[in-house]
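One structure is given here, and the rest of the page talks about it.
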Amino acid sequence: MAQQQLFTNNRRILEHIITIMLMDDIVSNEFEQKRGHVCSFLECYTKQYGKSMEDAIHECRKRTANAWKDINEEFLRPTEVPMLF
């Protein structure tokens with residue numbers, strides 16, 4: 001319950017996790033598949049949409065860029081600071 005609240009209330013954390021996971025998939029997919037690890041985003045995307053690995057990498061990079069944009073947008077919003085002086 002606490003984890004669910006954390007992710008729903010703090011979009012920045014979720015966007016960071018998505019960004020890290022997608023970037024890791026691009027870099028380590030080939031190595032992980034040789035070791036027989038669980039399917040990555042790239043593997044799932046190619047199977048689900050019938051696309052090539054290059055298309056999956058392009059989509060992964062696009063989603064990573066969008067996640068970074070969301071992170072930056074979140075940081076640019078003004079934050080109310082209580083004045084306790």
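Each chain in the structure tokens gets a letter, A, B, ..., in the order shown, and its residues are numbered from 1; ligands are numbered from 1 in order too.
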**Request:** Enumerate the residues of chain A with a DSSP assignment of helix (DSSP H, G or I), computed from the backbone, and present them as JSON, numbers by chain.
**Result:** {"A": [2, 3, 4, 5, 6, 7, 8, 9, 11, 12, 13, 14, 15, 16, 17, 18, 19, 20, 21, 22, 23, 24, 25, 26, 27, 28, 29, 30, 31, 32, 33, 34, 35, 41, 42, 43, 44, 45, 46, 47, 48, 49, 53, 54, 55, 56, 57, 58, 59, 60, 61, 62, 63, 64, 65, 66, 67, 68, 69, 70, 71, 72, 73, 74, 75, 76]}
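Proximity to A:Asn72 at 12 Å, evaluated using only C-alpha atoms and with sequence-adjacent residues fewer than 6 positions away removed, yields Arg11, Arg12, Glu15, His16, Ala65 and Asn66 of chain A.
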Quick one: residues within 8 Å of A:Ile57, only C-alpha atoms counted, chain neighbours fewer than 3 positions away excluded, as a compact mmCIF listing (two decimals) with N, CA, C and O atoms, in the first residue's frame?
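Contents of out.txt, as written:
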# COMPACT_ATOMS: atom_id res chain seq x y z
N ILE A 26 18.18 -1.22 -23.45
CA ILE A 26 18.92 -0.97 -24.70
C ILE A 26 20.34 -1.50 -24.59
O ILE A 26 20.84 -2.16 -25.49
N LEU A 42 12.39 -4.59 -25.02
CA LEU A 42 12.68 -4.78 -26.44
C LEU A 42 12.11 -6.10 -26.96
O LEU A 42 11.50 -6.14 -28.04
N MET A 53 14.12 -5.34 -34.16
CA MET A 53 14.82 -4.90 -32.95
C MET A 53 15.19 -3.42 -33.07
O MET A 53 15.14 -2.69 -32.07
N GLU A 54 15.53 -2.97 -34.28
CA GLU A 54 15.86 -1.55 -34.48
C GLU A 54 14.65 -0.66 -34.18
O GLU A 54 14.79 0.40 -33.58
N CYS A 60 12.03 2.57 -27.71
CA CYS A 60 12.57 2.65 -26.36
C CYS A 60 13.24 4.01 -26.13
O CYS A 60 13.03 4.65 -25.09
N ARG A 61 14.00 4.46 -27.08
CA ARG A 61 14.65 5.78 -26.98
C ARG A 61 13.61 6.90 -26.96
O ARG A 61 13.77 7.88 -26.23
**Asked** Interatomic distance between atom CA of A:Trp68 and atom CA of A:Ile18?
**Response** 9.5 Å
